[in-house]
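> Structure file work34.cif (mmCIF, C-alpha atoms and all ligand atoms) right here:
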data_model
loop_
_atom_site.label_atom_id
_atom_site.label_comp_id
_atom_site.auth_asym_id
_atom_site.auth_seq_id
_atom_site.Cartn_x
_atom_site.Cartn_y
_atom_site.Cartn_z
CA MET A 266 121.48 80.41 118.43
CA VAL A 267 120.91 84.14 118.57
CA GLN A 268 121.55 85.36 122.08
CA ILE A 269 119.12 87.99 123.18
CA ASN A 270 119.68 89.91 126.38
CA PHE A 271 116.50 91.90 126.93
CA ALA A 272 117.79 93.54 130.11
CA ALA A 273 120.83 94.94 128.32
CA ARG A 274 118.84 95.27 125.07
CA GLU A 275 121.47 93.30 123.16
CA ILE A 276 121.31 90.77 120.36
CA ASN A 277 124.32 88.61 119.52
CA CYS A 278 124.40 86.68 116.27
CA LYS A 279 126.98 84.20 115.07
CA ILE A 280 127.94 84.25 111.40
CA VAL A 281 130.30 81.62 110.00
CA TYR A 282 132.30 82.09 106.80
CA TYR A 283 132.53 78.64 105.24
CA GLY A 284 134.21 77.33 102.09
CA PRO A 285 137.18 75.40 100.74
CA GLY A 286 140.73 76.11 101.93
CA ARG A 287 142.17 79.38 100.61
CA SER A 288 138.92 80.57 99.03
CA GLY A 289 139.19 83.92 100.83
CA LYS A 290 137.28 83.54 104.12
CA THR A 291 139.98 85.06 106.33
CA THR A 292 140.44 87.83 103.76
CA ASN A 293 136.74 88.73 104.10
CA LEU A 294 137.14 89.19 107.84
CA GLU A 295 140.37 91.13 107.42
CA GLN A 296 138.66 93.55 105.06
CA ILE A 297 135.73 94.04 107.42
CA HIS A 298 138.17 94.61 110.27
CA ALA A 299 140.29 97.05 108.27
CA THR A 300 137.51 99.16 106.83
CA SER A 301 134.87 99.27 109.58
CA PRO A 302 134.83 102.22 111.98
CA LYS A 303 137.04 101.45 114.99
CA LYS A 304 134.17 101.74 117.45
CA CYS A 305 132.29 99.01 115.56
CA VAL A 306 134.91 96.28 115.44
CA GLY A 307 136.82 94.54 118.16
CA GLU A 308 140.14 92.76 117.91
CA MET A 309 140.41 90.14 115.20
CA VAL A 310 141.68 86.87 116.55
CA SER A 311 143.33 84.50 114.08
CA ILE A 312 145.05 81.29 114.80
CA ALA A 313 147.04 80.49 111.71
CA THR A 314 149.73 78.28 110.21
CA GLU A 315 151.71 78.76 107.03
CA THR A 316 149.77 76.40 104.82
CA ASP A 317 146.28 77.53 105.78
CA ARG A 318 146.13 80.92 107.36
CA THR A 319 143.33 79.59 109.53
CA LEU A 320 144.20 76.70 111.81
CA PHE A 321 141.21 76.79 114.11
CA PHE A 322 139.19 79.83 113.21
CA ASP A 323 139.25 83.57 112.84
CA PHE A 324 137.02 85.60 115.07
CA LEU A 325 135.87 89.17 114.65
CA PRO A 326 133.25 90.88 116.81
CA LEU A 327 131.29 93.49 114.91
CA ASP A 328 128.84 95.97 116.36
CA ILE A 329 126.34 97.04 113.73
CA GLY A 330 124.44 99.49 115.92
CA LYS A 331 120.84 99.57 117.03
CA VAL A 332 118.02 97.73 115.33
CA ALA A 333 114.54 98.29 116.77
CA GLY A 334 116.10 99.65 119.95
CA MET A 335 118.38 96.65 120.44
CA GLN A 336 122.15 96.77 120.14
CA VAL A 337 123.07 94.19 117.50
CA ARG A 338 126.44 92.46 117.53
CA PHE A 339 127.70 89.97 115.01
CA GLN A 340 130.39 87.51 115.86
CA LEU A 341 132.11 86.59 112.64
CA TYR A 342 133.96 83.29 112.43
CA THR A 343 135.80 81.45 109.70
CA VAL A 344 136.50 77.74 109.57
CA PRO A 345 139.69 76.05 108.41
CA GLY A 346 139.10 74.75 104.89
CA GLN A 347 141.26 71.66 104.81
CA VAL A 348 139.45 68.35 104.81
CA TYR A 349 141.26 67.08 107.93
CA TYR A 350 139.95 69.94 110.08
CA ASN A 351 136.38 68.74 109.94
CA ALA A 352 136.06 68.35 113.72
CA THR A 353 137.00 72.03 114.10
CA ARG A 354 134.49 73.09 111.42
CA LYS A 355 131.72 71.18 113.13
CA LEU A 356 132.61 72.80 116.42
CA VAL A 357 132.68 76.30 114.94
CA LEU A 358 129.23 75.71 113.43
CA GLN A 359 127.70 75.17 116.86
CA GLY A 360 125.35 78.00 117.67
CA VAL A 361 125.51 79.37 114.13
CA ASP A 362 122.85 81.86 113.01
CA GLY A 363 123.96 82.40 109.44
CA VAL A 364 126.57 81.24 106.93
CA VAL A 365 128.44 83.01 104.15
CA PHE A 366 129.74 80.39 101.76
CA VAL A 367 132.90 81.76 100.16
CA ALA A 368 133.45 79.91 96.90
CA ASP A 369 136.69 80.12 94.94
CA SER A 370 135.44 80.96 91.45
CA GLN A 371 138.53 79.58 89.68
CA ARG A 372 137.56 76.76 87.34
CA ALA A 373 140.20 74.48 88.90
CA MET A 374 138.52 74.93 92.30
CA PHE A 375 135.03 73.93 91.23
CA GLU A 376 135.06 70.44 92.77
CA GLU A 377 136.46 71.78 96.07
CA ASN A 378 133.53 74.17 96.21
CA VAL A 379 131.05 71.36 95.66
CA GLU A 380 132.67 69.18 98.34
CA SER A 381 132.87 72.04 100.82
CA LEU A 382 129.22 72.93 100.30
CA GLN A 383 128.22 69.32 100.81
CA ASN A 384 130.38 69.24 103.92
CA LEU A 385 128.62 72.36 105.22
CA PHE A 386 125.20 70.74 104.81
CA ASP A 387 126.40 67.53 106.51
CA ASN A 388 127.87 69.42 109.45
CA LEU A 389 124.80 71.58 109.83
CA ARG A 390 122.63 68.47 110.00
CA GLU A 391 124.98 66.83 112.47
CA ASN A 392 124.70 69.90 114.63
CA GLY A 393 120.92 69.67 114.49
CA TYR A 394 120.27 72.42 111.93
CA ASP A 395 118.13 72.24 108.85
CA PRO A 396 120.30 73.40 105.91
CA ASP A 397 117.13 74.53 104.15
CA THR A 398 116.20 77.04 106.81
CA ILE A 399 119.56 78.32 107.99
CA PRO A 400 120.28 81.78 106.54
CA LEU A 401 122.87 81.25 103.80
CA VAL A 402 124.54 83.64 101.38
CA MET A 403 126.80 82.62 98.49
CA GLN A 404 129.89 84.66 97.63
CA TRP A 405 131.61 83.98 94.29
CA ASN A 406 135.09 85.15 95.26
CA LYS A 407 138.27 85.79 93.29
CA GLN A 408 136.44 87.33 90.35
CA ASP A 409 139.67 89.16 89.47
CA LEU A 410 141.44 85.96 88.42
CA PRO A 411 141.50 84.40 84.94
CA ASP A 412 139.88 81.10 84.02
CA LEU A 413 136.80 81.31 86.18
CA THR A 414 133.65 79.24 86.23
CA PRO A 415 131.03 81.66 84.90
CA ILE A 416 128.75 83.03 87.59
CA GLU A 417 125.68 81.62 85.80
CA GLU A 418 127.19 78.14 86.07
CA LEU A 419 128.11 78.66 89.72
CA GLU A 420 124.56 79.80 90.39
CA ALA A 421 123.05 76.83 88.54
CA LYS A 422 125.23 74.20 90.15
CA LEU A 423 125.97 75.56 93.61
CA ASN A 424 122.94 77.71 94.19
CA PRO A 425 119.95 76.00 92.58
CA LYS A 426 117.57 77.50 95.13
CA GLY A 427 118.59 81.02 94.21
CA LEU A 428 119.80 82.08 97.65
CA PRO A 429 121.16 85.62 97.92
CA SER A 430 124.58 85.75 96.26
CA ASN A 431 127.19 88.11 94.88
CA GLY A 432 130.53 88.13 93.13
CA ALA A 433 133.56 89.38 95.07
CA VAL A 434 137.22 90.24 94.99
CA ALA A 435 137.85 89.97 98.71
CA ILE A 436 141.50 91.07 98.54
CA HIS A 437 140.26 94.43 97.25
CA GLY A 438 137.27 94.51 99.55
CA LYS A 439 134.86 94.19 96.63
CA GLY A 440 131.63 92.39 97.47
CA VAL A 441 132.70 91.79 101.06
CA PHE A 442 130.19 94.14 102.67
CA GLU A 443 127.55 93.14 100.17
CA SER A 444 127.68 89.57 101.48
CA LEU A 445 127.81 90.77 105.07
CA LYS A 446 124.76 92.96 104.58
CA LYS A 447 122.86 90.12 102.94
CA ILE A 448 123.57 87.65 105.70
CA ALA A 449 122.82 90.27 108.39
CA TYR A 450 119.48 90.92 106.75
CA LEU A 451 118.60 87.23 106.51
CA VAL A 452 119.57 86.55 110.13
CA LEU A 453 117.63 89.50 111.50
CA GLU A 454 114.65 88.70 109.31
CA LYS A 455 114.59 85.13 110.63
CA LEU A 456 114.93 86.40 114.17
CA ASN A 457 112.03 88.72 113.61
CA LYS A 458 109.84 85.91 112.31
CA GLU A 459 110.78 83.54 115.11
CA TYR A 460 110.06 86.00 117.85
CA GLY A 461 106.87 87.25 116.19
CA GLY A 462 107.59 90.86 116.99
CA GLY A 463 108.33 91.68 113.40
CA LYS A 464 105.23 89.91 112.21
CA LYS A 465 103.05 91.73 114.65
CA GLU A 466 104.65 95.07 113.91
CA GLU A 467 104.33 94.48 110.19
CA GLU A 468 100.66 93.58 110.53
CA GLU A 469 100.04 96.59 112.75
CA LYS A 470 101.86 98.82 110.29
CA LYS A 471 99.83 97.46 107.37
CA ALA A 472 96.57 97.88 109.29
CA ALA A 473 97.53 101.44 110.24
CA GLU A 474 98.41 102.25 106.64
CA ALA A 475 95.14 100.79 105.37
CA ALA A 476 93.20 102.76 107.97
CA GLU A 477 95.06 105.92 107.02
CA ARG A 478 94.29 105.37 103.32
CA LYS A 479 90.61 104.84 104.11
CA ALA A 480 90.52 107.92 106.29
CA VAL A 481 92.16 110.03 103.60
CA ALA A 482 89.80 108.67 100.95
CA ALA A 483 86.79 109.34 103.14
CA ALA A 484 87.92 112.79 104.13
CA SER A 485 88.82 114.04 100.66
CA PRO A 486 86.96 112.50 97.75
CA LYS A 487 88.06 115.60 95.82
CA ALA A 488 91.72 114.67 95.85
CA PRO A 489 91.58 111.56 93.65
CA ALA A 490 88.96 113.20 91.44
CA ALA A 491 91.11 116.25 90.95
CA VAL A 492 94.04 114.06 89.92
CA GLY A 493 91.88 111.84 87.74
CA ALA A 494 89.79 114.59 86.19
CA PRO A 495 92.26 115.96 83.66
CA VAL A 496 93.24 112.44 82.59
CA ALA A 497 89.62 111.51 82.11
CA ALA A 498 88.91 114.71 80.27
CA ALA A 499 91.90 114.34 77.98
CA SER A 500 91.72 110.66 77.21
CA ALA A 501 88.15 109.47 77.46
CA LYS A 502 85.82 112.26 76.51
CA PRO A 503 83.14 110.33 74.65
CA PRO A 504 83.23 106.67 75.68
CA ALA A 505 84.53 105.86 79.16
CA PRO A 506 81.64 105.87 81.56
CA PRO A 507 83.77 105.89 84.71
CA ALA A 508 85.37 109.16 83.67
CA PRO A 509 82.27 111.27 84.17
CA LYS A 510 81.72 109.47 87.45
CA LYS A 511 85.15 110.55 88.58
CA ALA A 512 84.58 113.97 87.15
CA VAL A 513 81.40 114.38 89.19
CA PRO A 514 83.08 115.06 92.52
CA PRO A 515 84.87 118.22 91.35
CA PRO A 516 81.71 120.33 91.03
CA PRO A 517 80.97 120.33 94.77
CA PRO A 518 84.20 122.08 95.69
CA PRO A 519 83.56 125.04 93.36
CA LYS A 520 80.12 125.45 94.88
CA LYS A 521 81.60 125.45 98.31
CA ALA A 522 84.33 127.74 97.13
CA LYS A 523 81.79 130.23 95.77
CA LEU A 524 79.95 130.48 99.03
CA PRO A 525 82.16 133.09 100.64
CA LYS A 526 82.20 135.20 97.44
CA ALA A 527 78.42 135.44 97.11
CA PRO A 528 76.72 138.06 99.29
CA PRO A 529 76.56 136.17 102.48
CA ARG A 530 72.95 136.64 103.47
CA PRO A 531 70.93 138.02 100.63
CA ARG A 532 68.33 135.25 100.60
CA PRO A 533 67.76 134.51 104.24
CA PRO A 534 66.31 137.97 104.99
CA ALA A 535 63.52 137.48 102.42
CA PRO A 536 62.10 134.33 103.93
CA VAL A 537 62.59 135.70 107.42
CA ALA A 538 60.74 138.88 106.54
CA ALA A 539 57.98 136.92 104.88
CA LYS A 540 57.73 134.74 107.94
CA LYS A 541 57.59 137.79 110.14
CA ALA A 542 54.93 139.39 107.97
CA ARG A 543 52.94 136.18 108.05
CA GLN A 544 53.34 136.01 111.81
CA GLU A 545 52.28 139.62 112.20
CA LYS A 546 49.26 139.02 109.95
CA ALA A 547 48.35 135.98 111.95
CA GLU A 548 48.83 137.83 115.17
CA ALA A 549 46.76 140.75 113.85
CA ALA A 550 44.02 138.37 112.73
CA GLY A 551 44.15 136.58 116.04
CA GLY A 552 43.92 139.95 117.88
CA LYS A 553 40.73 140.93 115.93
CA TRP A 554 38.98 137.78 116.94
CA ILE A 555 39.89 138.33 120.54
CA TRP A 556 38.33 141.78 120.47
CA ILE A 557 35.16 140.45 118.76
CA LEU A 558 34.85 137.78 121.44
CA VAL A 559 35.41 140.30 124.22
CA ALA A 560 32.74 142.62 122.73
CA ALA A 561 30.32 139.72 122.36
CA GLY A 562 30.98 138.73 125.97
CA VAL A 563 30.32 142.26 127.21
CA ALA A 564 27.07 142.47 125.17
CA ALA A 565 25.92 139.17 126.60
CA ILE A 566 26.56 140.41 130.13
CA PHE A 567 24.47 143.57 129.45
CA VAL A 568 21.62 141.42 128.06
CA LEU A 569 21.73 139.20 131.16
CA ILE A 570 21.70 142.26 133.49
CA GLY A 571 18.69 143.63 131.56
CA ILE A 572 16.85 140.33 131.93
CA VAL A 573 17.61 140.21 135.67
CA ILE A 574 16.35 143.85 136.20
CA LYS A 575 13.20 143.18 134.15
CA SER A 576 12.34 140.08 136.14
CA ALA A 577 12.98 141.93 139.42
CA LEU A 578 10.58 144.70 138.46
N1 LIG B 1 143.32 87.13 93.55
C1 LIG B 1 142.63 87.04 94.66
N2 LIG B 1 143.19 86.49 95.74
C2 LIG B 1 142.44 86.42 96.88
C3 LIG B 1 141.13 86.90 96.93
N3 LIG B 1 140.64 86.68 98.18
C4 LIG B 1 141.64 86.09 98.87
N4 LIG B 1 142.72 85.94 98.11
C5 LIG B 1 144.02 85.32 98.46
O1 LIG B 1 143.80 83.93 98.59
C6 LIG B 1 144.64 83.42 99.61
C7 LIG B 1 143.84 82.67 100.63
O2 LIG B 1 142.98 83.60 101.28
P1 LIG B 1 142.44 83.30 102.74
O3 LIG B 1 141.57 84.45 103.07
O4 LIG B 1 143.51 83.00 103.66
O5 LIG B 1 141.59 82.01 102.46
P2 LIG B 1 140.85 81.09 103.55
O6 LIG B 1 141.63 79.84 103.66
O7 LIG B 1 139.51 80.83 102.92
O8 LIG B 1 140.73 81.81 104.82
C8 LIG B 1 145.40 84.62 100.19
O9 LIG B 1 146.64 84.71 99.59
C9 LIG B 1 144.53 85.80 99.78
O10 LIG B 1 145.27 86.99 99.63
C10 LIG B 1 140.56 87.49 95.76
O11 LIG B 1 139.42 87.94 95.68
N5 LIG B 1 141.36 87.53 94.65
MG MG B 2 141.36 81.27 106.64
#
For the structure just supplied, provide its representation as structure tokens.

Amino acid sequence: MVQINFAAREINCKIVYYGPGRSGKTTNLEQIHATSPKKCVGEMVSIATETDRTLFFDFLPLDIGKVAGMQVRFQLYTVPGQVYYNATRKLVLQGVDGVVFVADSQRAMFEENVESLQNLFDNLRENGYDPDTIPLVMQWNKQDLPDLTPIEELEAKLNPKGLPSNGAVAIHGKGVFESLKKIAYLVLEKLNKEYGGGKKEEEEKKAAEAAERKAVAAASPKAPAAVGAPVAAASAKPPAPPAPKKAVPPPPPPKKAKLPKAPPRPRPPAPVAAKKARQEKAEAAGGKWIWILVAAGVAAIFVLIGIVIKSAL
């Protein structure tokens, strides 16, 4: 089980290197220990005998740095390969987050690989894990030796589901980090899915990207037209109807672009002047009528006064 310490912003994952005896599991850890920056790896602990270099397990803590603001640490374990150490293997698998199955690619070792893989699935089930969902990476080791089972055959028989896999020559460090990267990716991806954060972030990111694309498309219809225009012009002059459609947007920009060049206000004055003239005419006409009315009013008053005087006399 991945241990997450939110207070310390730490994630600890357990990776187990599994496979038949002497397939190269301990060598994988040794290479990681030898070639990783000192600040990233802790002490490698191995409990070994002469026949199998791993009696109980090898252990190597590895700090891979920050992922999404969390410090991620991998605890790498190996199991002893010999059949009679099954109790130890089962124990080491407890709390596992991911498995690298190190197969010995030598033809003579094929059956041991099959048995070990079956044993892995059995022990996972007995520990309450579903072998179908546990992150698993296949490493076809010892590719430097003669008389190998071809990788295609290993893939077909040991990896029918097409899990991530790679060839390796662990003693030379070849393929070691490739497998480590693959299993790290699978474990973190699963963690992301289980805790939903990744899902949510991914959805938010997609929504943001879609919104951005829409905004860009809405803001600049010229951009796609400009890119599409020459293609349309070159390839589909007579037939393609969409081409002219795409070519339509370009005209507006030139018009807009011409605006500053043209004399800025040659036209507006004309209508304004005409308006003014019309207004003045109207005002002048209106003024005449006022004077006529005033004159008529005055005349009427004089007539009234005359009538009043006449009647008084
Ligand atoms: N030729 C060859 N030998 C290897 C390779 N990887 C590991 N070995 C050797 O195989 C032997 C067993 O390796 P070890 O890592 O102890 O296997 P483990 O039992 O799976 O942990 C050692 O002598 C290693 O040096 C490899 O890629 N090529
Ligand atoms: Mg070992």
> Can you tell me which residues surround range 334-342 of chain A at a distance of at most 10 Å, considering only C-alpha atoms, apart from same-chain residues fewer than 4 positions away, and format the answer as an MDAnalysis selection string?
chainID A and resid 267:271 273:283 290:291 293:294 297 305:307 309:311 321:330 357:358 361:365 445 449 453
> Any idea what the distance is between CA of Ala475 in chain A and CA of Tyr450 in chain A?
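That distance, rounded to one decimal, is 26.3 Å.
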> At a cut-off of 7 Å from (140.0, 80.7, 86.8) in the coordinates of the file, what residues are picked up using all atoms listed in the file, written as a compact mmCIF listing (two decimals) with C-alpha atoms, in the coordinates of the input?

# COMPACT_ATOMS: atom_id res chain seq x y z
CA SER A 370 135.44 80.96 91.45
CA GLN A 371 138.53 79.58 89.68
CA ARG A 372 137.56 76.76 87.34
CA ALA A 373 140.20 74.48 88.90
CA LEU A 410 141.44 85.96 88.42
CA PRO A 411 141.50 84.40 84.94
CA ASP A 412 139.88 81.10 84.02
CA LEU A 413 136.80 81.31 86.18
CA THR A 414 133.65 79.24 86.23
> Would you mind listing, for every residue of chain A within 9 Å of ligand LIG 1 (chain B), the two atoms forming the shortest contact and the distance between them in Å to one decimal, using only C-alpha atoms and all ligand atoms, sorted by chain and ascending residue number, as JSON lines?

{"residue": "A:Tyr282", "atom": "CA", "partner": "B:LIG1", "partner_atom": "O7", "distance": 8.3}
{"residue": "A:Tyr283", "atom": "CA", "partner": "B:LIG1", "partner_atom": "O7", "distance": 7.7}
{"residue": "A:Gly284", "atom": "CA", "partner": "B:LIG1", "partner_atom": "O7", "distance": 6.4}
{"residue": "A:Pro285", "atom": "CA", "partner": "B:LIG1", "partner_atom": "O7", "distance": 6.3}
{"residue": "A:Gly286", "atom": "CA", "partner": "B:LIG1", "partner_atom": "O6", "distance": 4.2}
{"residue": "A:Arg287", "atom": "CA", "partner": "B:LIG1", "partner_atom": "O6", "distance": 3.1}
{"residue": "A:Ser288", "atom": "CA", "partner": "B:LIG1", "partner_atom": "O7", "distance": 3.9}
{"residue": "A:Gly289", "atom": "CA", "partner": "B:LIG1", "partner_atom": "O3", "distance": 3.3}
{"residue": "A:Lys290", "atom": "CA", "partner": "B:LIG1", "partner_atom": "O7", "distance": 3.7}
{"residue": "A:Thr291", "atom": "CA", "partner": "B:LIG1", "partner_atom": "O8", "distance": 3.7}
{"residue": "A:Thr292", "atom": "CA", "partner": "B:LIG1", "partner_atom": "O3", "distance": 3.6}
{"residue": "A:Asn293", "atom": "CA", "partner": "B:LIG1", "partner_atom": "O3", "distance": 6.5}
{"residue": "A:Leu294", "atom": "CA", "partner": "B:LIG1", "partner_atom": "O3", "distance": 8.1}
{"residue": "A:Glu295", "atom": "CA", "partner": "B:LIG1", "partner_atom": "O3", "distance": 8.1}
{"residue": "A:Thr316", "atom": "CA", "partner": "B:LIG1", "partner_atom": "O6", "distance": 8.9}
{"residue": "A:Asp317", "atom": "CA", "partner": "B:LIG1", "partner_atom": "O6", "distance": 5.6}
{"residue": "A:Arg318", "atom": "CA", "partner": "B:LIG1", "partner_atom": "O4", "distance": 5.0}
{"residue": "A:Thr319", "atom": "CA", "partner": "B:LIG1", "partner_atom": "O8", "distance": 5.8}
{"residue": "A:Phe322", "atom": "CA", "partner": "B:LIG1", "partner_atom": "O8", "distance": 8.8}
{"residue": "A:Asp323", "atom": "CA", "partner": "B:LIG1", "partner_atom": "O8", "distance": 8.3}
{"residue": "A:Thr343", "atom": "CA", "partner": "B:LIG1", "partner_atom": "O8", "distance": 6.9}
{"residue": "A:Val344", "atom": "CA", "partner": "B:LIG1", "partner_atom": "O8", "distance": 7.6}
{"residue": "A:Pro345", "atom": "CA", "partner": "B:LIG1", "partner_atom": "O6", "distance": 6.4}
{"residue": "A:Gly346", "atom": "CA", "partner": "B:LIG1", "partner_atom": "O6", "distance": 5.8}
{"residue": "A:Gln347", "atom": "CA", "partner": "B:LIG1", "partner_atom": "O6", "distance": 8.3}
{"residue": "A:Val367", "atom": "CA", "partner": "B:LIG1", "partner_atom": "O7", "distance": 7.2}
{"residue": "A:Ala368", "atom": "CA", "partner": "B:LIG1", "partner_atom": "O7", "distance": 8.6}
{"residue": "A:Asp369", "atom": "CA", "partner": "B:LIG1", "partner_atom": "N3", "distance": 8.3}
{"residue": "A:Trp405", "atom": "CA", "partner": "B:LIG1", "partner_atom": "O11", "distance": 8.9}
{"residue": "A:Asn406", "atom": "CA", "partner": "B:LIG1", "partner_atom": "O11", "distance": 5.2}
{"residue": "A:Lys407", "atom": "CA", "partner": "B:LIG1", "partner_atom": "O11", "distance": 3.4}
{"residue": "A:Gln408", "atom": "CA", "partner": "B:LIG1", "partner_atom": "O11", "distance": 6.1}
{"residue": "A:Asp409", "atom": "CA", "partner": "B:LIG1", "partner_atom": "N5", "distance": 5.7}
{"residue": "A:Leu410", "atom": "CA", "partner": "B:LIG1", "partner_atom": "N1", "distance": 5.6}
{"residue": "A:Ala433", "atom": "CA", "partner": "B:LIG1", "partner_atom": "O11", "distance": 6.1}
{"residue": "A:Val434", "atom": "CA", "partner": "B:LIG1", "partner_atom": "O11", "distance": 3.3}
{"residue": "A:Ala435", "atom": "CA", "partner": "B:LIG1", "partner_atom": "O11", "distance": 4.0}
{"residue": "A:Ile436", "atom": "CA", "partner": "B:LIG1", "partner_atom": "C3", "distance": 4.5}
{"residue": "A:His437", "atom": "CA", "partner": "B:LIG1", "partner_atom": "O11", "distance": 6.7}
{"residue": "A:Gly438", "atom": "CA", "partner": "B:LIG1", "partner_atom": "O11", "distance": 7.9}
{"residue": "A:Lys439", "atom": "CA", "partner": "B:LIG1", "partner_atom": "O11", "distance": 7.8}
> One decimal, Å: what's the distance from CA of Leu423 in chain A over to CA of Asn457 in chain A, could you say?
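Atom-to-atom, CA of Leu423 in chain A to CA of Asn457 in chain A, that is 27.7 Å.
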> At what distance in Å, to one decimal, does CA of Phe386 in chain A lie from CA of Thr398 in chain A?
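Separating CA of Thr398 in chain A from CA of Phe386 in chain A is a distance of 11.2 Å.
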